[in-house]
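One file, protein_34.csv, is given below (CSV, C-alpha atoms).
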```csv
chain,number,residue,atom,x,y,z
Z,3,MET,CA,-120.5,-153.4,73.7
Z,4,ARG,CA,-118.3,-152.4,71.1
Z,5,LYS,CA,-116.0,-150.0,72.3
Z,6,THR,CA,-113.9,-148.2,70.0
Z,7,THR,CA,-110.9,-147.0,71.5
Z,8,LYS,CA,-109.1,-144.6,69.8
Z,9,GLY,CA,-105.8,-143.8,71.1
Z,10,ALA,CA,-102.7,-142.6,69.9
Z,11,ILE,CA,-99.8,-144.5,71.1
Z,12,ALA,CA,-96.7,-142.7,70.8
Z,13,ILE,CA,-93.5,-144.5,71.2
Z,14,GLY,CA,-90.5,-142.5,71.0
Z,15,ALA,CA,-87.8,-140.9,72.8
Z,16,GLY,CA,-85.3,-138.5,71.7
Z,17,VAL,CA,-85.2,-135.6,69.4
Z,18,ALA,CA,-88.2,-134.7,67.4
Z,19,LEU,CA,-88.5,-132.1,64.7
Z,20,LEU,CA,-92.0,-131.1,64.2
Z,21,LEU,CA,-93.1,-129.7,60.9
Z,22,GLY,CA,-96.5,-128.5,59.7
Z,23,GLY,CA,-99.5,-127.6,61.7
Z,24,ALA,CA,-101.2,-124.3,61.9
Z,25,GLY,CA,-99.4,-123.2,65.1
Z,26,THR,CA,-95.9,-123.0,66.5
Z,27,LEU,CA,-95.0,-126.0,68.3
Z,28,ALA,CA,-91.9,-126.4,70.4
Z,29,TYR,CA,-89.5,-129.1,69.9
Z,30,TRP,CA,-87.3,-131.0,72.2
Z,31,GLN,CA,-83.6,-130.7,72.0
Z,32,VAL,CA,-80.7,-132.2,73.8
Z,33,GLY,CA,-77.0,-131.7,73.4
Z,34,THR,CA,-73.8,-133.0,74.7
Z,35,THR,CA,-70.2,-132.0,74.4
Z,36,VAL,CA,-67.7,-133.9,72.3
Z,37,ASP,CA,-64.7,-134.5,74.4
Z,38,SER,CA,-61.7,-132.4,73.3
Z,39,THR,CA,-59.0,-133.4,75.6
Z,40,THR,CA,-56.0,-132.5,73.4
Z,41,GLY,CA,-55.5,-130.7,70.0
Z,42,ILE,CA,-54.5,-132.6,66.9
Z,43,GLN,CA,-51.0,-131.3,66.0
Z,44,SER,CA,-49.2,-131.2,62.7
Z,45,GLY,CA,-45.6,-132.4,62.3
Z,46,THR,CA,-42.4,-130.7,61.4
Z,47,LEU,CA,-40.2,-130.5,58.3
Z,48,SER,CA,-37.1,-128.3,58.2
Z,49,ILE,CA,-33.5,-128.1,56.9
Z,50,VAL,CA,-30.9,-125.7,58.2
Z,51,PRO,CA,-27.1,-125.4,58.0
Z,52,LYS,CA,-25.6,-127.5,60.7
Z,53,VAL,CA,-24.7,-125.6,63.8
Z,54,GLY,CA,-21.0,-124.8,63.9
Z,55,ALA,CA,-20.6,-125.6,60.1
Z,56,THR,CA,-22.7,-122.9,58.4
Z,57,THR,CA,-20.3,-122.4,55.5
Z,58,ALA,CA,-18.8,-124.8,52.9
Z,59,ALA,CA,-15.4,-126.4,53.5
Z,60,TRP,CA,-12.8,-127.3,50.8
Z,61,THR,CA,-10.5,-130.2,51.0
Z,62,TRP,CA,-7.9,-131.8,48.7
Z,63,GLY,CA,-9.2,-134.8,46.8
Z,64,THR,CA,-11.4,-137.0,48.9
Z,65,THR,CA,-9.2,-136.5,52.0
Z,66,THR,CA,-9.8,-134.4,55.0
Z,67,THR,CA,-6.8,-132.2,54.3
Z,68,ALA,CA,-8.0,-128.6,54.1
Z,69,PHE,CA,-7.7,-126.8,50.8
Z,70,ASP,CA,-7.1,-123.1,51.5
Z,71,VAL,CA,-9.1,-121.4,48.8
Z,72,ALA,CA,-7.3,-118.1,49.3
Z,73,ASN,CA,-3.8,-119.4,49.2
Z,74,SER,CA,-3.7,-122.9,47.7
Z,75,ARG,CA,-3.3,-123.4,44.0
Z,76,ILE,CA,-4.4,-126.4,41.9
Z,77,VAL,CA,-2.5,-128.0,39.0
Z,78,PRO,CA,-3.5,-130.6,36.4
Z,79,GLY,CA,-4.1,-133.8,38.2
Z,80,ASP,CA,-5.6,-132.2,41.3
Z,81,VAL,CA,-9.0,-132.9,42.7
Z,82,VAL,CA,-10.7,-130.6,45.2
Z,83,THR,CA,-14.0,-131.2,47.1
Z,84,ARG,CA,-16.5,-128.7,48.5
Z,85,THR,CA,-18.5,-130.0,51.4
Z,86,GLN,CA,-21.4,-128.5,53.4
Z,87,VAL,CA,-23.5,-130.2,56.1
Z,88,PHE,CA,-27.1,-129.5,56.8
Z,89,THR,CA,-29.5,-130.7,59.5
Z,90,VAL,CA,-32.9,-132.1,58.7
Z,91,THR,CA,-35.7,-132.4,61.2
Z,92,ALA,CA,-38.8,-134.4,60.3
Z,93,ARG,CA,-41.8,-135.4,62.3
Z,94,GLY,CA,-45.0,-137.0,61.1
Z,95,ASP,CA,-46.4,-140.5,61.5
Z,96,HIS,CA,-47.2,-140.6,57.8
Z,97,LEU,CA,-44.5,-138.3,56.5
Z,98,LYS,CA,-42.2,-139.0,53.7
Z,99,ALA,CA,-39.8,-136.4,52.3
Z,100,GLU,CA,-37.3,-136.1,49.5
Z,101,ILE,CA,-34.0,-134.2,49.8
Z,102,ALA,CA,-32.2,-132.9,46.7
Z,103,LEU,CA,-30.6,-129.8,45.3
Z,104,ASP,CA,-32.6,-127.6,43.1
Z,105,LEU,CA,-29.7,-127.1,40.7
Z,106,ALA,CA,-26.6,-129.1,40.0
Z,107,PRO,CA,-23.6,-127.0,41.0
Z,108,ALA,CA,-21.6,-125.9,38.0
Z,109,VAL,CA,-18.2,-124.3,37.4
Z,110,GLY,CA,-17.8,-120.8,36.1
Z,111,GLY,CA,-14.9,-118.5,35.3
Z,112,ASN,CA,-12.0,-118.5,32.9
Z,113,ALA,CA,-12.9,-120.2,29.5
Z,114,ALA,CA,-9.7,-122.3,29.5
Z,115,MET,CA,-10.4,-123.6,32.9
Z,116,LEU,CA,-14.0,-124.4,32.1
Z,117,ALA,CA,-12.8,-126.4,29.1
Z,118,ALA,CA,-10.3,-128.3,31.2
Z,119,LEU,CA,-12.4,-129.0,34.2
Z,120,GLY,CA,-14.8,-131.9,34.3
Z,121,THR,CA,-18.4,-131.5,35.4
Z,122,PRO,CA,-18.5,-131.5,39.2
Z,123,VAL,CA,-19.9,-134.7,40.7
Z,124,THR,CA,-22.3,-133.8,43.5
Z,125,THR,CA,-23.6,-136.3,46.0
Z,126,ILE,CA,-25.8,-136.0,49.1
Z,127,THR,CA,-25.4,-138.5,51.8
Z,128,GLY,CA,-27.4,-138.9,55.0
Z,129,ALA,CA,-26.3,-139.9,58.4
Z,130,THR,CA,-27.2,-143.4,59.6
Z,131,VAL,CA,-30.8,-143.6,60.8
Z,132,THR,CA,-32.4,-145.9,63.3
Z,133,THR,CA,-35.1,-148.4,62.4
Z,134,PRO,CA,-38.0,-148.0,61.8
Z,135,THR,CA,-36.9,-144.7,60.2
Z,136,THR,CA,-35.7,-145.4,56.6
Z,137,LEU,CA,-33.4,-143.4,54.4
Z,138,THR,CA,-32.9,-144.3,50.8
Z,139,SER,CA,-30.7,-142.9,48.1
Z,140,ALA,CA,-31.0,-142.7,44.3
Z,141,ALA,CA,-29.4,-140.8,41.4
Z,142,GLY,CA,-31.3,-137.7,40.3
Z,143,PRO,CA,-30.9,-134.9,37.7
Z,144,THR,CA,-29.0,-132.6,40.1
Z,145,GLY,CA,-27.1,-135.2,42.0
Z,146,THR,CA,-28.2,-137.7,44.7
Z,147,VAL,CA,-31.8,-137.7,45.9
Z,148,LEU,CA,-32.5,-138.9,49.4
Z,149,ALA,CA,-35.9,-140.1,50.7
Z,150,ILE,CA,-36.6,-140.1,54.4
Z,151,THR,CA,-39.5,-141.7,56.1
Z,152,PRO,CA,-39.5,-141.1,59.9
Z,153,ASN,CA,-42.1,-143.8,60.6
Z,154,VAL,CA,-42.1,-142.8,64.3
Z,155,SER,CA,-44.3,-140.4,66.3
Z,156,THR,CA,-41.3,-138.4,67.6
Z,157,ALA,CA,-39.0,-136.0,65.6
Z,158,VAL,CA,-36.2,-137.4,63.6
Z,159,THR,CA,-33.1,-135.2,63.3
Z,160,PHE,CA,-30.2,-136.2,61.1
Z,161,ASP,CA,-27.4,-134.6,59.1
Z,162,VAL,CA,-27.1,-134.6,55.3
Z,163,THR,CA,-23.7,-133.9,53.7
Z,164,VAL,CA,-23.5,-132.3,50.2
Z,165,LYS,CA,-20.2,-132.9,48.4
Z,166,SER,CA,-19.2,-131.5,45.0
Z,167,VAL,CA,-16.0,-133.0,43.6
Z,168,VAL,CA,-14.1,-131.0,41.0
Z,169,THR,CA,-11.4,-132.7,39.0
Z,170,PHE,CA,-8.7,-130.9,37.1
Z,171,PRO,CA,-7.7,-133.7,34.7
Z,172,PHE,CA,-4.0,-134.5,33.9
Z,173,GLY,CA,-4.2,-134.6,30.1
Z,174,THR,CA,-2.3,-136.3,27.4
Z,175,ALA,CA,-1.1,-133.1,25.7
Z,176,VAL,CA,0.6,-129.9,26.8
Z,177,ASP,CA,-1.8,-127.1,27.6
Z,178,ASN,CA,-0.4,-124.1,29.4
Z,179,THR,CA,-3.4,-121.9,28.9
Z,180,THR,CA,-4.8,-123.0,32.3
Z,181,ILE,CA,-1.7,-121.7,34.2
Z,182,GLY,CA,-2.7,-118.8,36.5
Z,183,GLN,CA,-6.4,-119.0,36.0
Z,184,SER,CA,-9.4,-119.5,38.2
Z,185,PHE,CA,-12.8,-121.0,38.5
Z,186,ASN,CA,-15.7,-120.9,41.0
Z,187,LEU,CA,-18.5,-123.3,41.9
Z,188,SER,CA,-22.0,-122.0,41.8
Z,189,GLY,CA,-24.4,-122.2,44.8
Z,190,ALA,CA,-27.7,-124.0,45.0
Z,191,ASN,CA,-30.6,-124.6,47.4
Z,192,ILE,CA,-30.9,-127.9,49.1
Z,193,VAL,CA,-34.6,-128.6,49.4
Z,194,VAL,CA,-36.5,-131.1,51.5
Z,195,LYS,CA,-40.1,-131.5,50.3
Z,196,GLN,CA,-42.9,-133.8,51.3
Z,197,ILE,CA,-43.8,-136.5,48.9
Z,198,ALA,CA,-46.6,-139.1,48.8
Z,199,PHE,CA,-46.6,-141.7,51.6
Z,200,PRO,CA,-45.5,-144.4,51.7
V,26,MET,CA,-108.2,-130.8,66.2
V,27,SER,CA,-105.7,-133.0,64.5
V,28,MET,CA,-102.1,-132.8,64.8
V,29,ARG,CA,-99.7,-133.9,62.4
V,30,THR,CA,-96.6,-134.9,64.0
V,31,ARG,CA,-93.6,-136.2,62.7
V,32,LEU,CA,-91.1,-137.8,64.8
V,33,VAL,CA,-87.7,-137.7,63.4
V,34,ALA,CA,-84.7,-138.9,65.2
V,35,VAL,CA,-81.5,-137.7,63.9
V,36,VAL,CA,-78.2,-138.2,65.3
V,37,VAL,CA,-75.3,-136.7,63.4
V,38,VAL,CA,-71.8,-136.7,64.2
V,39,ALA,CA,-69.7,-135.2,61.5
V,40,LEU,CA,-66.4,-133.6,60.9
V,41,LEU,CA,-66.8,-131.3,58.0
V,42,LEU,CA,-64.1,-130.1,55.7
V,43,SER,CA,-64.6,-126.9,53.9
V,44,GLY,CA,-65.7,-127.4,50.4
V,45,SER,CA,-63.8,-124.5,49.1
V,46,ALA,CA,-61.6,-124.6,46.0
V,47,THR,CA,-58.3,-123.9,47.8
V,48,ALA,CA,-55.4,-126.2,46.9
V,49,TYR,CA,-53.3,-127.4,49.8
V,50,ALA,CA,-49.6,-127.7,49.0
V,51,ALA,CA,-47.2,-130.3,50.4
V,52,TRP,CA,-44.6,-129.1,52.8
V,53,SER,CA,-41.2,-127.9,51.5
V,54,ARG,CA,-38.3,-126.2,53.1
V,55,SER,CA,-34.9,-125.2,51.7
V,56,ALA,CA,-31.5,-123.9,52.8
V,57,ALA,CA,-28.9,-122.2,50.6
V,58,MET,CA,-25.4,-123.3,49.6
V,59,ALA,CA,-23.6,-120.1,48.7
V,60,ALA,CA,-21.4,-119.8,45.6
V,61,THR,CA,-17.8,-120.2,46.3
V,62,PRO,CA,-14.9,-117.7,46.0
V,63,ASN,CA,-12.5,-118.3,43.1
V,64,VAL,CA,-10.3,-121.4,43.1
V,65,ARG,CA,-7.0,-120.6,41.4
V,66,SER,CA,-4.7,-122.7,39.3
V,67,GLY,CA,-1.0,-122.5,39.9
V,68,ASN,CA,2.2,-121.9,37.9
V,69,PHE,CA,4.8,-124.3,36.5
V,70,ALA,CA,8.3,-123.7,35.3
V,71,VAL,CA,11.7,-125.5,35.1
V,72,ALA,CA,15.0,-123.8,34.5
V,73,VAL,CA,18.0,-125.7,33.1
V,74,SER,CA,21.6,-124.6,33.5
V,75,TRP,CA,25.1,-126.0,33.4
V,76,VAL,CA,26.7,-126.5,36.8
V,77,THR,CA,29.8,-127.7,35.0
V,78,PRO,CA,29.8,-127.7,31.2
V,79,VAL,CA,31.1,-130.7,29.4
V,80,PRO,CA,34.6,-130.0,28.3
V,81,THR,CA,34.9,-131.4,24.8
V,82,THR,CA,38.1,-129.9,23.5
V,83,ALA,CA,41.0,-132.1,22.6
V,84,MET,CA,39.2,-135.4,23.1
V,85,TRP,CA,40.8,-138.6,21.9
V,86,PRO,CA,39.1,-141.9,21.0
V,87,GLY,CA,37.7,-143.8,24.0
V,88,GLU,CA,37.7,-140.8,26.2
V,89,THR,CA,34.7,-139.6,28.2
V,90,ARG,CA,34.2,-136.1,29.3
V,91,THR,CA,31.5,-135.3,32.0
V,92,GLY,CA,29.5,-132.2,32.9
V,93,VAL,CA,26.7,-131.6,35.3
V,94,ALA,CA,23.4,-130.0,34.3
V,95,ARG,CA,21.0,-128.7,36.8
V,96,VAL,CA,17.2,-128.7,36.5
V,97,ALA,CA,15.2,-126.5,38.9
V,98,HIS,CA,11.5,-126.6,39.4
V,99,THR,CA,9.4,-123.6,40.5
V,100,GLY,CA,5.7,-123.2,40.8
V,101,HIS,CA,3.0,-125.5,42.2
V,102,GLY,CA,2.5,-129.2,42.4
V,103,ARG,CA,5.0,-132.0,41.9
V,104,TRP,CA,7.0,-132.5,38.7
V,105,GLN,CA,8.9,-134.8,36.4
V,106,TYR,CA,11.8,-134.2,34.0
V,107,LEU,CA,12.9,-135.8,30.7
V,108,VAL,CA,16.3,-135.7,29.2
V,109,ALA,CA,16.1,-136.1,25.4
V,110,SER,CA,18.8,-137.8,23.3
V,111,ALA,CA,21.5,-135.3,22.4
V,112,THR,CA,21.4,-133.7,19.0
V,113,GLY,CA,24.2,-132.5,16.9
V,114,THR,CA,26.6,-135.3,17.7
V,115,ALA,CA,26.7,-136.4,14.1
V,116,SER,CA,29.0,-133.6,13.3
V,117,LEU,CA,31.7,-135.3,15.2
V,118,SER,CA,31.8,-138.9,14.1
V,119,GLY,CA,31.7,-141.4,17.0
V,120,LEU,CA,30.5,-139.1,19.7
V,121,THR,CA,27.8,-140.4,22.0
V,122,VAL,CA,26.1,-138.7,24.9
V,123,THR,CA,24.7,-140.5,27.9
V,124,TYR,CA,23.3,-139.4,31.3
V,125,THR,CA,23.5,-140.6,34.8
V,126,THR,CA,22.3,-139.4,38.2
V,127,PHE,CA,24.3,-137.1,40.5
V,128,SER,CA,24.4,-137.9,44.2
V,129,GLY,CA,26.6,-137.2,47.1
V,130,GLY,CA,28.7,-134.8,45.2
V,131,ALA,CA,29.6,-137.1,42.4
V,132,CYS,CA,28.1,-138.8,39.3
V,133,THR,CA,26.8,-142.3,40.0
V,134,ALA,CA,26.6,-145.3,37.7
V,135,THR,CA,22.8,-145.1,37.6
V,136,ALA,CA,21.7,-144.4,34.1
V,137,ILE,CA,19.0,-142.0,33.2
V,138,PRO,CA,17.4,-143.3,30.0
V,139,ALA,CA,17.0,-140.7,27.3
V,140,GLY,CA,13.5,-139.8,26.4
V,141,ALA,CA,11.8,-141.3,29.5
V,142,TRP,CA,10.0,-139.3,32.2
V,143,SER,CA,11.7,-139.5,35.6
V,144,ALA,CA,10.1,-140.5,38.8
V,145,VAL,CA,7.8,-137.8,40.4
V,146,GLN,CA,9.9,-135.2,42.2
V,147,PRO,CA,8.7,-133.1,45.2
V,148,ASN,CA,7.6,-129.5,44.6
V,149,GLY,CA,10.3,-126.9,44.3
V,150,THR,CA,13.2,-129.3,44.1
V,151,THR,CA,16.4,-129.3,42.0
V,152,VAL,CA,17.9,-132.3,40.2
V,153,ASP,CA,21.5,-132.5,38.9
V,154,ILE,CA,22.2,-134.7,35.9
V,155,CYS,CA,25.5,-135.9,34.8
V,156,VAL,CA,26.1,-135.6,31.0
V,157,HIS,CA,28.8,-137.9,29.6
V,158,ALA,CA,30.2,-137.3,26.2
V,159,THR,CA,32.3,-140.2,24.9
V,160,LEU,CA,34.3,-140.2,21.7
V,161,GLY,CA,34.2,-143.8,20.5
V,162,ALA,CA,37.4,-145.8,20.4
V,163,GLY,CA,36.9,-146.3,16.7
V,164,ALA,CA,36.7,-142.6,15.9
V,165,PRO,CA,38.4,-142.2,12.5
V,166,SER,CA,41.5,-140.2,12.0
V,167,ALA,CA,39.5,-137.7,10.1
V,168,ALA,CA,37.9,-136.7,13.3
V,169,GLN,CA,41.1,-135.1,14.5
V,170,GLY,CA,41.0,-131.4,14.8
V,171,THR,CA,37.2,-131.2,14.4
V,172,SER,CA,34.7,-130.1,16.9
V,173,SER,CA,31.2,-130.8,17.8
V,174,GLY,CA,28.7,-128.9,19.7
V,175,PHE,CA,25.8,-131.0,20.8
V,176,THR,CA,22.5,-130.0,22.3
V,177,VAL,CA,20.7,-131.6,25.2
V,178,VAL,CA,17.0,-130.7,25.7
V,179,ILE,CA,15.6,-131.2,29.2
V,180,SER,CA,11.9,-130.9,29.6
V,181,GLY,CA,9.7,-130.7,32.7
V,182,ARG,CA,6.0,-131.4,33.3
V,183,ASN,CA,3.7,-131.0,36.3
V,184,GLN,CA,2.2,-133.7,38.4
V,185,SER,CA,-0.6,-133.5,40.9
V,186,THR,CA,0.0,-131.7,44.2
V,187,SER,CA,-0.3,-135.0,46.1
```

Rewrite the coordinates I just gave you, this time as structure tokens.
Amino acid sequence: MRKTTKGAIAIGAGVALLLGGAGTLAYWQVGTTVDSTTGIQSGTLSIVPKVGATTAAWTWGTTTTAFDVANSRIVPGDVVTRTQVFTVTARGDHLKAEIALDLAPAVGGNAAMLAALGTPVTTITGATVTTPTTLTSAAGPTGTVLAITPNVSTAVTFDVTVKSVVTFPFGTAVDNTTIGQSFNLSGANIVVKQIAFP
Amino acid sequence: MSMRTRLVAVVVVALLLSGSATAYAAWSRSAAMAATPNVRSGNFAVAVSWVTPVPTTAMWPGETRTGVARVAHTGHGRWQYLVASATGTASLSGLTVTYTTFSGGACTATAIPAGAWSAVQPNGTTVDICVHATLGAGAPSAAQGTSSGFTVVISGRNQSTS
């Protein structure tokens, strides 16, 4: 006897989405929770005036001898330096940031002084960092440009020092027009910004 | 009755980012360096006077007469002085003028070369210079009864504060 067996063998397990048919058919659904034990956090990037040194300091030449802006007087041959220290905090496993001034500080004031004074030389130096953090330095249009790469999962905090050196040259000819005059040094913003990694 | 069934197994795990057009900027922070107050330049002046003028009356050949000139600095920074060669000595034939330092209340034998800048002097100091006028031993007889007024120019210039 021939037996015709018709049967439908359904092999399947899981989730089925049923389309078609003249009626409404229910579907099976299961779900499970993706583990969310801790949030993913972003890092940190900041720069602020160093605590306890929130204003610039003036010194004679490249020494540590204080130059009293209110009472000291410069003469041809003198060099004075303006220094200000900032603290940078950076955190990010794949963070790289660049530190530079947005403008090169310039002298302003009496015309005779402007003609006599050289262009200030501005540099930015960073405190020593610990491996694997890296800190590199290069010349830029507004002075030095520092590049910091923390390379660690914890925050890196270090000081950067901005120095502008102003030279009042001792010339080869007499020029008394600069006696009893004055100049000032313009401000600027020191900017730390993220750049492409690495 | 037939049933059409479709069995579709789909497992999807996806983290979707919004497909919006918003541009996400890199991080940037800044701090300000303020402009500075005025830095002032100083002053500079030297004053020259005779402490003891050179007596040049009734000089005879071979004689040297000495006076003392004082150079005083005022103002800021350090300074130097320069004693130029005397002028006007040609009116009295055989007259020469030389300079030496003054120390310990008397003229020394240390010559000050005419026309050369001195060593750098501290701010606000005073220097005495001995001026020696000598009528040469070979002065002619025609020089008798004549007179000569000579001029000594002493200049000063500033040097750096330190």

Contacts between chain V and chain Z, please, where a residue of chain Z counts if it comes within 8 Å (with all atoms listed in the file); show its shortest atom pair and distance in Å to one decimal, rows by chain and ascending number, as CSV.
```
residue,atom,partner,partner_atom,distance
Z:Gly14,CA,V:Leu32,CA,7.8
Z:Gly16,CA,V:Ala34,CA,6.5
Z:Val17,CA,V:Ala34,CA,5.4
Z:Ala18,CA,V:Leu32,CA,5.0
Z:Leu19,CA,V:Val33,CA,5.8
Z:Leu20,CA,V:Arg31,CA,5.6
Z:Leu21,CA,V:Arg31,CA,6.8
Z:Gly22,CA,V:Arg29,CA,6.8
Z:Gly23,CA,V:Arg29,CA,6.3
Z:Leu47,CA,V:Arg54,CA,7.0
Z:Ser48,CA,V:Arg54,CA,5.6
Z:Ile49,CA,V:Ser55,CA,6.1
Z:Val50,CA,V:Ala56,CA,5.7
Z:Pro51,CA,V:Ala56,CA,7.0
Z:Thr57,CA,V:Met58,CA,7.9
Z:Ala58,CA,V:Met58,CA,7.5
Z:Val71,CA,V:Val64,CA,5.8
Z:Ala72,CA,V:Val64,CA,7.6
Z:Ser74,CA,V:Arg65,CA,7.5
Z:Arg75,CA,V:Gly67,CA,4.8
Z:Ile76,CA,V:Ser66,CA,4.5
Z:Val77,CA,V:Ser66,CA,5.7
Z:Pro78,CA,V:Ser185,CA,6.1
Z:Gly79,CA,V:Ser185,CA,4.4
Z:Asp80,CA,V:Ser185,CA,5.2
Z:Gln86,CA,V:Met58,CA,7.6
Z:Phe172,CA,V:Gln184,CA,7.7
Z:Thr180,CA,V:Ser66,CA,7.0
Z:Ile181,CA,V:Asn68,CA,5.4
Z:Gly182,CA,V:Ser66,CA,5.2
Z:Gln183,CA,V:Ser66,CA,5.2
Z:Ser184,CA,V:Arg65,CA,4.1
Z:Phe185,CA,V:Val64,CA,5.3
Z:Asn186,CA,V:Asn63,CA,4.6
Z:Leu187,CA,V:Thr61,CA,5.4
Z:Ser188,CA,V:Ala60,CA,4.4
Z:Gly189,CA,V:Ala60,CA,3.9
Z:Ala190,CA,V:Met58,CA,5.2
Z:Asn191,CA,V:Ala57,CA,4.3
Z:Ile192,CA,V:Ala56,CA,5.5
Z:Val193,CA,V:Ser55,CA,4.1
Z:Val194,CA,V:Arg54,CA,5.5
Z:Lys195,CA,V:Ser53,CA,4.0
Z:Gln196,CA,V:Trp52,CA,5.2
Z:Ile197,CA,V:Ala51,CA,7.2
```

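Proximity to Thr127 of chain Z was assessed for Z:Val154, Z:Met115, Z:Val36, Z:Ala149 counting only C-alpha atoms; the smallest distance is recorded for Z:Ala149.
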
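Shortest atom-to-atom contact with Ala108 of chain Z among Z:Ala59, Z:Gly54, Z:Val162, Z:Val167: Z:Val167, counting only C-alpha atoms.
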
Atom CA of Thr114 of chain V and atom CA of Val76 of chain V are how many Å apart?
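Spanning atom CA of Thr114 of chain V to atom CA of Val76 of chain V is a straight-line distance of 21.0 Å.
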
Quick check, in Å to one decimal: how far apart do atom CA of Tyr124 of chain V and atom CA of Ala97 of chain V lie?
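Separating atom CA of Tyr124 of chain V from atom CA of Ala97 of chain V is a distance of 17.0 Å.
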
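Closest approach to Val90 of chain Z among Z:Ala157, Z:Leu105, Z:Ala118, Z:Val32: Z:Ala157, based on only C-alpha atoms.
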
How many Å separate atom CA of Leu148 of chain Z from atom CA of Thr65 of chain Z?
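Result for atom CA of Leu148 of chain Z versus atom CA of Thr65 of chain Z: 23.6 Å, one decimal.
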
Which residues are near Gln146 of chain V? Cut-off 9 Å, all atoms listed in the file, ignore same chain within fewer than 4 positions. Put them as a compact mmCIF listing (two decimals) with C-alpha atoms, in the coordinates of the input.
```txt
# COMPACT_ATOMS: atom_id res chain seq x y z
CA ARG V 103 5.00 -132.00 41.90
CA TRP V 104 7.00 -132.50 38.70
CA GLN V 105 8.90 -134.80 36.40
CA TYR V 106 11.80 -134.20 34.00
CA THR V 150 13.20 -129.30 44.10
CA THR V 151 16.40 -129.30 42.00
CA VAL V 152 17.90 -132.30 40.20
CA GLN V 184 2.20 -133.70 38.40
```

Surrounding residues of Gly163 of chain V excluding itself and chain neighbours under 2 positions, 8 Å, all atoms listed in the file, as an MDAnalysis selection string:
chainID V and resid 86:87 119 161 165

Find the residues with any atom within 10 Å of (24.2, -129.5, 35.1); use only C-alpha atoms and the coordinates as given in the file, and write the answer as a PyMOL selection string.
chain V and resi 73-79+91-96+127+152-156

Near Thr176 of chain V, within 12 Å and counting all atoms listed in the file, which residues show up once chain neighbours fewer than 2 positions away are dropped, as an NGL selection string?
:V and (78-79 or 108-116 or 121-122 or 156 or 158 or 173-174 or 178-179)
